[in-house]
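A.B. asks: Here you go, structure-v9.txt (compact mmCIF, C-alpha atoms):
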# COMPACT_ATOMS: atom_id res chain seq x y z
CA MET A 1 -7.24 -6.87 -19.46
CA THR A 2 -4.12 -4.72 -19.41
CA PRO A 3 -2.02 -4.99 -16.24
CA PHE A 4 -2.02 -1.89 -14.07
CA GLY A 5 1.73 -1.53 -14.28
CA SER A 6 1.99 -1.43 -18.07
CA GLY A 7 3.58 1.77 -19.29
CA LEU A 8 4.37 2.91 -15.77
CA ARG A 9 8.05 3.45 -16.46
CA ALA A 10 7.44 5.61 -19.52
CA LEU A 11 4.75 7.52 -17.67
CA SER A 12 7.08 8.12 -14.72
CA LEU A 13 9.82 9.43 -16.99
CA ALA A 14 7.38 11.71 -18.80
CA THR A 15 6.14 13.00 -15.44
CA VAL A 16 9.64 13.78 -14.18
CA ALA A 17 10.51 15.53 -17.46
CA MET A 18 7.28 17.52 -17.40
CA LEU A 19 7.75 18.53 -13.75
CA ALA A 20 11.30 19.65 -14.49
CA LEU A 21 10.08 21.67 -17.45
CA ALA A 22 7.28 23.22 -15.40
CA LEU A 23 9.67 24.23 -12.61
CA SER A 24 12.14 25.66 -15.14
CA LEU A 25 9.44 27.70 -16.82
CA THR A 26 8.09 28.86 -13.47
CA PHE A 27 11.37 30.22 -12.18
CA PHE A 28 13.29 31.12 -15.33
CA TYR A 29 10.72 31.98 -17.98
CA ALA A 30 7.47 33.30 -16.52
CA PRO A 31 7.69 37.01 -15.72
CA LEU A 32 7.17 38.38 -12.24
CA ASP A 33 3.61 39.40 -11.53
CA ALA A 34 3.21 43.18 -11.37
CA ASP A 35 0.99 43.07 -8.27
CA GLN A 36 2.20 40.13 -6.24
CA GLY A 37 5.78 39.81 -7.38
CA PHE A 38 7.66 36.61 -6.60
CA VAL A 39 4.92 35.22 -4.38
CA GLN A 40 2.79 34.66 -7.47
CA LYS A 41 5.09 31.74 -8.34
CA ILE A 42 2.99 29.70 -5.91
CA PHE A 43 0.17 30.06 -8.42
CA TYR A 44 1.91 27.61 -10.81
CA LEU A 45 1.85 24.98 -8.07
CA HIS A 46 -1.33 25.71 -6.17
CA VAL A 47 -3.83 26.15 -9.01
CA PRO A 48 -2.80 23.11 -11.11
CA LEU A 49 -2.89 21.00 -7.94
CA ALA A 50 -6.41 22.25 -7.19
CA ILE A 51 -7.67 21.66 -10.72
CA VAL A 52 -6.19 18.16 -10.89
CA ALA A 53 -7.54 17.30 -7.44
CA LEU A 54 -11.06 18.41 -8.38
CA LEU A 55 -10.89 16.59 -11.73
CA GLY A 56 -9.67 13.54 -9.84
CA PHE A 57 -12.73 13.66 -7.60
CA ILE A 58 -14.92 13.85 -10.71
CA ALA A 59 -12.98 10.96 -12.27
CA GLY A 60 -13.64 8.98 -9.08
CA GLY A 61 -17.35 9.60 -9.62
CA VAL A 62 -17.15 8.51 -13.27
CA PHE A 63 -15.37 5.30 -12.30
CA ALA A 64 -18.00 4.75 -9.63
CA VAL A 65 -20.73 5.05 -12.27
CA LEU A 66 -18.92 2.42 -14.34
CA HIS A 67 -18.70 0.20 -11.27
CA LEU A 68 -22.39 0.54 -10.51
CA ARG A 69 -23.29 -0.18 -14.14
CA SER A 70 -20.99 -3.15 -14.65
CA GLY A 71 -20.45 -4.51 -11.15
CA ASP A 72 -16.77 -4.90 -12.03
CA SER A 73 -14.69 -4.40 -8.90
CA ARG A 74 -11.85 -3.08 -11.04
CA TRP A 75 -13.78 0.18 -11.49
CA ASP A 76 -14.34 0.37 -7.76
CA ALA A 77 -10.58 0.15 -7.25
CA TYR A 78 -10.07 2.91 -9.82
CA SER A 79 -12.65 5.06 -8.08
CA TYR A 80 -11.12 4.47 -4.65
CA VAL A 81 -7.57 5.23 -5.78
CA SER A 82 -8.67 8.32 -7.72
CA ILE A 83 -10.35 9.74 -4.65
CA HIS A 84 -7.45 8.71 -2.44
CA MET A 85 -4.94 10.48 -4.67
CA SER A 86 -7.11 13.56 -4.98
CA VAL A 87 -7.39 13.79 -1.19
CA ILE A 88 -3.58 13.78 -1.01
CA PHE A 89 -3.46 16.47 -3.68
CA GLY A 90 -6.15 18.30 -1.71
CA VAL A 91 -3.89 18.44 1.33
CA ALA A 92 -1.21 20.02 -0.84
CA VAL A 93 -3.75 22.50 -2.23
CA LEU A 94 -4.85 23.59 1.24
CA VAL A 95 -1.33 23.95 2.58
CA THR A 96 0.10 25.78 -0.45
CA GLY A 97 -3.02 27.95 -0.58
CA SER A 98 -2.58 28.90 3.05
CA ILE A 99 1.04 29.81 2.46
CA TRP A 100 0.04 31.94 -0.53
CA ALA A 101 -2.72 33.59 1.50
CA LYS A 102 -0.31 34.41 4.29
CA ALA A 103 2.19 35.89 1.85
CA SER A 104 -0.40 37.86 -0.11
CA TRP A 105 -3.02 38.79 2.43
CA GLY A 106 -1.22 38.40 5.73
CA HIS A 107 -3.63 35.69 6.89
CA TRP A 108 -3.27 31.92 6.78
CA TRP A 109 -6.97 31.52 6.16
CA VAL A 110 -9.84 33.83 5.22
CA TRP A 111 -13.21 32.40 6.17
CA ASP A 112 -15.32 34.80 4.10
CA GLU A 113 -13.63 33.88 0.84
CA PRO A 114 -15.87 31.42 -1.09
CA THR A 115 -13.10 29.69 -3.09
CA LEU A 116 -11.14 28.69 -0.01
CA VAL A 117 -14.13 27.60 2.05
CA SER A 118 -15.74 25.71 -0.82
CA PHE A 119 -12.57 23.75 -1.46
CA LEU A 120 -12.33 22.97 2.24
CA ILE A 121 -15.92 21.71 2.19
CA VAL A 122 -15.18 19.47 -0.79
CA PHE A 123 -12.01 18.21 0.89
CA LEU A 124 -13.76 17.46 4.18
CA MET A 125 -16.59 15.76 2.33
CA TYR A 126 -14.13 13.41 0.68
CA ALA A 127 -12.31 12.92 3.96
CA THR A 128 -15.48 11.22 5.21
CA TYR A 129 -15.22 8.74 2.32
CA TYR A 130 -12.78 6.56 4.27
CA PRO A 131 -14.74 6.09 7.52
CA PHE A 132 -17.91 5.75 5.47
CA ARG A 133 -16.38 3.04 3.33
CA TYR A 134 -14.77 1.06 6.10
CA ALA A 135 -17.75 1.27 8.39
CA ILE A 136 -19.41 -1.27 6.08
CA GLU A 137 -18.23 -4.81 6.61
CA ASP A 138 -19.76 -6.60 3.67
CA ARG A 139 -17.40 -6.21 0.71
CA GLU A 140 -20.10 -5.96 -1.95
CA ARG A 141 -22.14 -3.42 -0.04
CA GLN A 142 -19.01 -1.49 0.83
CA ALA A 143 -18.07 -1.11 -2.83
CA ARG A 144 -21.63 -0.28 -3.87
CA TYR A 145 -22.25 2.32 -1.17
CA ALA A 146 -18.82 3.86 -1.72
CA SER A 147 -19.64 4.16 -5.42
CA VAL A 148 -22.92 5.89 -4.63
CA PHE A 149 -21.01 8.28 -2.38
CA ALA A 150 -18.41 8.90 -5.09
CA VAL A 151 -21.09 9.62 -7.70
CA THR A 152 -22.98 12.02 -5.44
CA ALA A 153 -19.88 13.82 -4.25
CA GLY A 154 -18.45 13.87 -7.77
CA ALA A 155 -21.58 15.62 -9.01
CA PHE A 156 -21.25 18.12 -6.17
CA VAL A 157 -17.76 19.21 -7.27
CA PRO A 158 -18.70 21.02 -10.53
CA LEU A 159 -21.83 22.43 -8.89
CA ASN A 160 -19.68 23.79 -6.12
CA PHE A 161 -17.23 25.24 -8.62
CA MET A 162 -20.01 26.98 -10.54
CA ALA A 163 -21.51 28.36 -7.35
CA VAL A 164 -18.17 29.87 -6.41
CA ARG A 165 -17.73 31.43 -9.84
CA LEU A 166 -21.17 32.95 -9.56
CA ALA A 167 -20.39 34.36 -6.14
CA GLU A 168 -18.70 37.67 -6.80
CA SER A 169 -15.60 38.10 -4.74
CA LEU A 170 -12.71 40.48 -5.19
CA VAL A 171 -10.43 38.75 -2.80
CA HIS A 172 -9.35 35.53 -4.44
CA PRO A 173 -7.30 36.15 -7.58
CA ARG A 174 -9.40 35.69 -10.71
CA VAL A 175 -6.78 34.88 -13.31
CA PHE A 176 -9.23 33.21 -15.64
CA ALA A 177 -11.71 36.06 -15.68
CA THR A 178 -14.73 35.71 -17.91
CA THR A 179 -14.36 39.33 -19.05
CA GLY A 180 -11.08 41.06 -19.77
CA GLY A 181 -7.80 40.49 -17.99
CA GLY A 182 -6.42 37.00 -18.03
CA LEU A 183 -2.87 35.74 -18.11
CA PRO A 184 -0.17 37.02 -20.46
CA GLY A 185 1.26 34.50 -22.92
CA GLU A 186 4.34 33.46 -20.95
CA MET A 187 2.37 32.97 -17.77
CA MET A 188 -0.34 31.03 -19.59
CA LEU A 189 2.22 28.72 -21.19
CA THR A 190 3.89 28.12 -17.84
CA PHE A 191 0.55 27.47 -16.23
CA LEU A 192 -0.52 24.99 -18.92
CA VAL A 193 2.77 23.09 -18.66
CA SER A 194 2.40 23.02 -14.86
CA LEU A 195 -1.14 21.76 -15.24
CA ALA A 196 0.00 19.01 -17.61
CA ALA A 197 2.79 18.08 -15.20
CA MET A 198 0.40 17.82 -12.26
CA GLY A 199 -2.03 15.82 -14.36
CA LEU A 200 0.72 13.41 -15.35
CA LEU A 201 1.85 13.16 -11.74
CA TRP A 202 -1.69 12.28 -10.64
CA VAL A 203 -2.05 9.60 -13.34
CA THR A 204 1.37 8.15 -12.54
CA LEU A 205 0.69 7.94 -8.81
CA VAL A 206 -2.74 6.41 -9.42
CA LYS A 207 -1.20 3.77 -11.66
CA PHE A 208 1.60 3.23 -9.15
CA GLU A 209 -0.83 2.64 -6.32
CA LEU A 210 -3.09 0.40 -8.40
CA THR A 211 -0.06 -1.67 -9.39
CA ALA A 212 1.04 -2.01 -5.77
CA LYS A 213 -2.46 -3.01 -4.71
CA SER A 214 -2.68 -5.48 -7.53
CA ALA A 215 0.66 -7.04 -6.53
CA SER A 216 -0.55 -7.29 -2.96
CA GLY A 217 -3.77 -8.93 -4.12
CA GLN A 218 -1.84 -11.39 -6.31
CA LEU A 219 0.25 -12.28 -3.29
CA LYS A 220 -2.88 -13.09 -1.31
CA ARG A 221 -4.14 -15.27 -4.12
CA LEU A 222 -0.86 -17.10 -4.21
CA ARG A 223 -0.95 -17.59 -0.46
CA ARG A 224 -4.43 -19.03 -0.69
CA ALA A 225 -3.43 -21.30 -3.58
CA LEU A 226 -0.46 -22.59 -1.60
CA ASP A 227 -2.53 -22.78 1.56
CA ALA A 228 0.33 -20.96 3.25
CA PRO A 229 0.11 -19.50 6.76
CA ALA A 230 -0.72 -15.83 7.11
CA PRO A 231 2.28 -13.51 7.37
CA GLY A 232 3.38 -12.41 10.80
CA GLY A 233 4.55 -9.02 11.90
CA THR A 234 2.54 -6.93 9.46
CA SER A 235 1.39 -3.66 10.90
CA ARG A 236 -1.97 -2.35 9.75
CA VAL A 237 -4.02 0.48 11.14
CA ALA A 238 -7.29 -0.75 9.72
CA PRO A 239 -8.85 -3.57 11.73
CA GLU A 240 -9.99 -6.84 10.24
CA VAL A 241 -13.74 -6.86 9.90
CA SER A 242 -14.63 -10.37 8.87
CA MET B 1 -10.29 40.36 10.19
CA LEU B 2 -9.53 42.38 7.12
CA SER B 3 -12.52 43.30 4.99
CA LEU B 4 -12.90 41.72 1.55
CA THR B 5 -12.28 44.92 -0.37
CA ALA B 6 -9.31 45.97 1.74
CA LEU B 7 -7.40 42.71 1.31
CA PRO B 8 -6.12 43.26 -2.24
CA LEU B 9 -5.06 46.78 -1.34
CA ALA B 10 -3.16 45.47 1.64
CA ALA B 11 -1.31 42.95 -0.47
CA PRO B 12 1.61 44.68 -2.14
CA ALA B 13 4.48 42.80 -3.75
CA LEU B 14 6.73 41.41 -1.07
CA PRO B 15 10.49 41.89 -1.17
CA LEU B 16 12.14 38.93 -2.86
CA ASP B 17 13.83 37.65 0.29
CA GLU B 18 10.58 37.51 2.26
CA ALA B 19 8.55 36.25 -0.70
CA GLY B 20 11.21 33.65 -1.40
CA ARG B 21 10.59 32.04 1.97
CA TYR B 22 6.91 31.58 1.22
CA VAL B 23 7.49 30.31 -2.30
CA ALA B 24 10.17 27.92 -1.07
CA GLY B 25 7.85 26.82 1.74
CA ALA B 26 5.03 26.01 -0.69
CA TYR B 27 7.26 24.02 -3.02
CA VAL B 28 8.96 22.22 -0.14
CA VAL B 29 5.55 21.20 1.28
CA PHE B 30 4.63 19.75 -2.10
CA LEU B 31 7.95 17.92 -2.33
CA VAL B 32 7.64 16.56 1.21
CA LEU B 33 4.15 15.24 0.49
CA ILE B 34 5.36 13.43 -2.59
CA VAL B 35 8.39 12.02 -0.79
CA VAL B 36 6.27 10.82 2.15
CA TYR B 37 3.87 9.16 -0.26
CA VAL B 38 6.70 7.45 -2.14
CA ALA B 39 8.24 6.33 1.17
CA ILE B 40 4.94 4.77 2.25
CA MET B 41 4.65 3.01 -1.10
CA ALA B 42 8.26 1.84 -0.81
CA ALA B 43 7.52 0.36 2.61
CA LYS B 44 4.54 -1.43 1.14
CA LEU B 45 6.59 -2.82 -1.74
CA GLN B 46 9.20 -4.01 0.75
CA ARG B 47 6.48 -5.85 2.65
CA ILE B 48 5.22 -7.45 -0.57
CA GLU B 49 8.74 -8.51 -1.46
CA ARG B 50 9.29 -9.99 2.01
CA GLU B 51 6.02 -11.91 1.88
CA LEU B 52 6.86 -13.15 -1.61
CA ARG B 53 10.19 -14.41 -0.35
CA GLU B 54 8.45 -16.19 2.53
CA LEU B 55 5.99 -17.77 0.12
CA ALA B 56 8.77 -18.91 -2.20
CA GLY B 57 10.54 -20.51 0.78
CA PHE B 58 7.31 -22.14 1.87
CA ALA B 59 6.66 -23.55 -1.61
CA GLU B 60 10.22 -24.86 -1.93
CA THR B 61 10.05 -26.52 1.48
CA ARG B 62 6.77 -28.16 0.60
CA ALA B 63 8.03 -29.33 -2.78
CA ALA B 64 11.14 -30.79 -1.16
CA GLY B 65 8.97 -32.62 1.39
CA GLU B 66 6.83 -34.13 -1.33
CA GLN B 67 9.86 -35.27 -3.30
CA ALA B 68 11.21 -36.99 -0.22
CA ILE B 69 8.26 -39.43 -0.20
CA PRO B 70 9.38 -42.55 -2.17
CA GLY B 71 7.49 -43.35 -5.36
CA ARG B 72 5.78 -40.04 -5.48
CA GLU B 73 6.64 -37.14 -7.69
CA ALA B 74 6.10 -33.58 -6.74
CA GLU B 75 2.72 -32.40 -7.84
CA ASP B 76 2.22 -29.22 -9.69
CA MET B 77 0.81 -26.63 -7.44
CA PRO B 78 -1.85 -24.45 -8.99
CA GLY B 79 -1.22 -20.78 -9.27
CA ILE B 80 2.55 -20.78 -8.90
CA ASP B 81 3.65 -21.41 -12.46
CA GLU B 82 5.94 -18.42 -12.87
CA THR B 83 6.37 -18.94 -16.59
CA LYS B 84 2.66 -18.83 -17.29
CA PRO B 85 0.69 -16.52 -15.03
CA SER B 86 -2.97 -17.37 -14.97
CA SER B 87 -3.81 -13.72 -15.46
CA GLY B 88 -2.27 -10.29 -15.47
CA PRO B 89 -2.06 -8.16 -12.37
CA GLY B 90 -5.22 -6.42 -13.39
CA HIS B 91 -7.14 -9.65 -13.08
CA ASP B 92 -6.54 -9.73 -9.40
CA LEU B 93 -9.53 -7.62 -8.58
CA THR B 94 -11.84 -10.55 -8.17
CA PRO B 95 -13.68 -10.77 -4.86
CA PRO B 96 -11.46 -12.42 -2.28
CA GLY B 97 -12.22 -15.54 -0.29
CA PRO B 98 -14.07 -15.58 2.99
CA ASP B 99 -10.85 -15.58 5.01
CA ASP B 100 -9.66 -12.43 3.32
CA GLY B 101 -11.99 -9.85 4.71
CA ARG B 102 -9.62 -7.12 5.74
CA ALA B 103 -11.01 -3.67 6.06
CA ASP B 104 -8.14 -2.31 4.05
CA HIS B 105 -9.00 -4.47 1.11
CA VAL B 106 -10.59 -2.46 -1.64
CA GLY B 107 -12.35 -4.15 -4.50
CA GLY B 108 -10.15 -7.17 -4.20
CA VAL B 109 -7.01 -5.15 -3.63
CA ASN B 110 -5.40 -3.84 -0.50
CA ARG B 111 -5.65 -0.32 0.78
CA VAL B 112 -2.39 1.40 1.63
I need this file expressed as structure tokens, please.
C.D. replies:
Amino acid sequence: MTPFGSGLRALSLATVAMLALALSLTFFYAPLDADQGFVQKIFYLHVPLAIVALLGFIAGGVFAVLHLRSGDSRWDAYSYVSIHMSVIFGVAVLVTGSIWAKASWGHWWVWDEPTLVSFLIVFLMYATYYPFRYAIEDRERQARYASVFAVTAGAFVPLNFMAVRLAESLVHPRVFATTGGGLPGEMMLTFLVSLAAMGLLWVTLVKFELTAKSASGQLKRLRRALDAPAPGGTSRVAPEVS
Amino acid sequence: MLSLTALPLAAPALPLDEAGRYVAGAYVVFLVLIVVYVAIMAAKLQRIERELRELAGFAETRAAGEQAIPGREAEDMPGIDETKPSSGPGHDLTPPGPDDGRADHVGGVNRV
């Protein structure tokens, strides 16, 4: 199997270059929005983050399916890290969305807006993934139940998205309208580059975390092989369960 | 609370100086999140490096102790041949041993 860290350097460099390009396009190329003005620049950060986070949740579900089919714990690790990274991206989505809402609407949060509330529901659902997972002591059962959760929740994400699109609301900006409107060319290009940059960032961070976890696991194997004493002074929030 | 239809009407373009604060705030939040994440990962890598150093010291001490016994050569210790790793990092996701049941251990690897 390929090591987790292979290609990480090239991927990191590509991510940095793409992020720099996206920021440059956002602030020096994309025109100001006629309605929202400069505040609309948050769009190039907020929306790609949201799309990548939701796709990451779906990817977590796909990896969980592969884990359930094969029993290979590698897929479970992929699923876990995908969800973990998407939750982090989700925090950024909620915070940047709130800032945009405050700037545009004068409110940090609008409870009767389906897009906001539905994303919050998805986020909170995935926030329960951690206590759910670590409430189970047996490693095999933990991985299996977490995979079932990831598959179920992953299937909920596109359903939720479709439900929101079907719900007619005039509040949340509909830049990808099904009829008419849409983004002008410069804005669309900037958006697509931003989306690619966020996607690359997500993949890079997932690979980074998997590599770190793998290194940590290798270290444990080495310690067991050497029959070395356990390290002292490590600080962990999660308790030992077995 | 503002009604749904009134919200877009009540959302005119902000002056650049006021809008700039919000835009800067959003991008700074994103940057801070990334930096915090990288800092956490850096701390974790530091811990791994420290533990690796401890293990190297432990292995060297043990090897030196075995060499000190007359008529006995140091035995090869399994799993520490640096020139020929038994598997790549990706192979580490095998289920751990019974003494390795940490709650932060995911699929054979550790949770951050």
A.B. asks: Grab the atom CA of A:Leu94 to atom CA of A:Val117 distance for me, in Å with one decimal place.
C.D. replies: 10.1 Å
A.B. asks: Could you work out how far atom CA of A:Leu11 lies from atom CA of A:Gln40, giving the answer in Å with one decimal?
C.D. replies: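 Atom-to-atom, atom CA of A:Gln40 to atom CA of A:Leu11, that is 29.1 Å.
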A.B. asks: What would the list of residues within 10 Å of (4.3, 10.2, -16.9) (file frame) look like as a ChimeraX atom specification, if all atoms listed in the file are what count?
C.D. replies: /A:7-19,196-205,207
A.B. asks: Just how far from atom CA of A:Thr190 is atom CA of A:Pro48, in Å to one decimal?
C.D. replies: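 Computed distance, atom CA of A:Pro48 to atom CA of A:Thr190, equals 10.7 Å.
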A.B. asks: Counting all atoms listed in the file, what is within 10 Å of B:Ala24, bar same-chain residues fewer than 3 positions away, as a ChimeraX atom specification?
C.D. replies: /A:39,41-42,99 /B:19-21,27-30
A.B. asks: A:Pro31: which residues within 12 Å, counting only C-alpha atoms, same-chain residues fewer than 3 positions away excluded, as a list in words?
C.D. replies: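 Here the answer would be Leu25, Thr26, Phe27, Phe28, Ala34, Asp35, Gln36, Gly37, Phe38, Val39, Gln40, Lys41, Leu183, Pro184, Gly185, Glu186, Met187, Met188, Leu189, Thr190 and Phe191 of chain A.
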A.B. asks: Counting all atoms listed in the file, which residue out of B:Ala26, B:Ala68, B:Glu18, B:Ala39 sits closest to chain A?
C.D. replies: B:Ala26
A.B. asks: So, counting all atoms listed in the file, which residue among A:Ser6, A:Ser79, A:Ser104, A:Asn160 is closest to chain B?
C.D. replies: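 Checking each of A:Ser6, A:Ser79, A:Ser104, A:Asn160 against chain B, counting all atoms listed in the file, the winner is A:Ser104.
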A.B. asks: Taking every listed atom of stretch 191-203 of chain A and adding 5 Å to each side, what centre and edge lengths in Å (one decimal) does the axis-aligned box have, as AutoDock Vina command-line options?
C.D. replies:
--center_x 0.4 --center_y 18.5 --center_z -14.8 --size_x 14.8 --size_y 27.9 --size_z 18.3
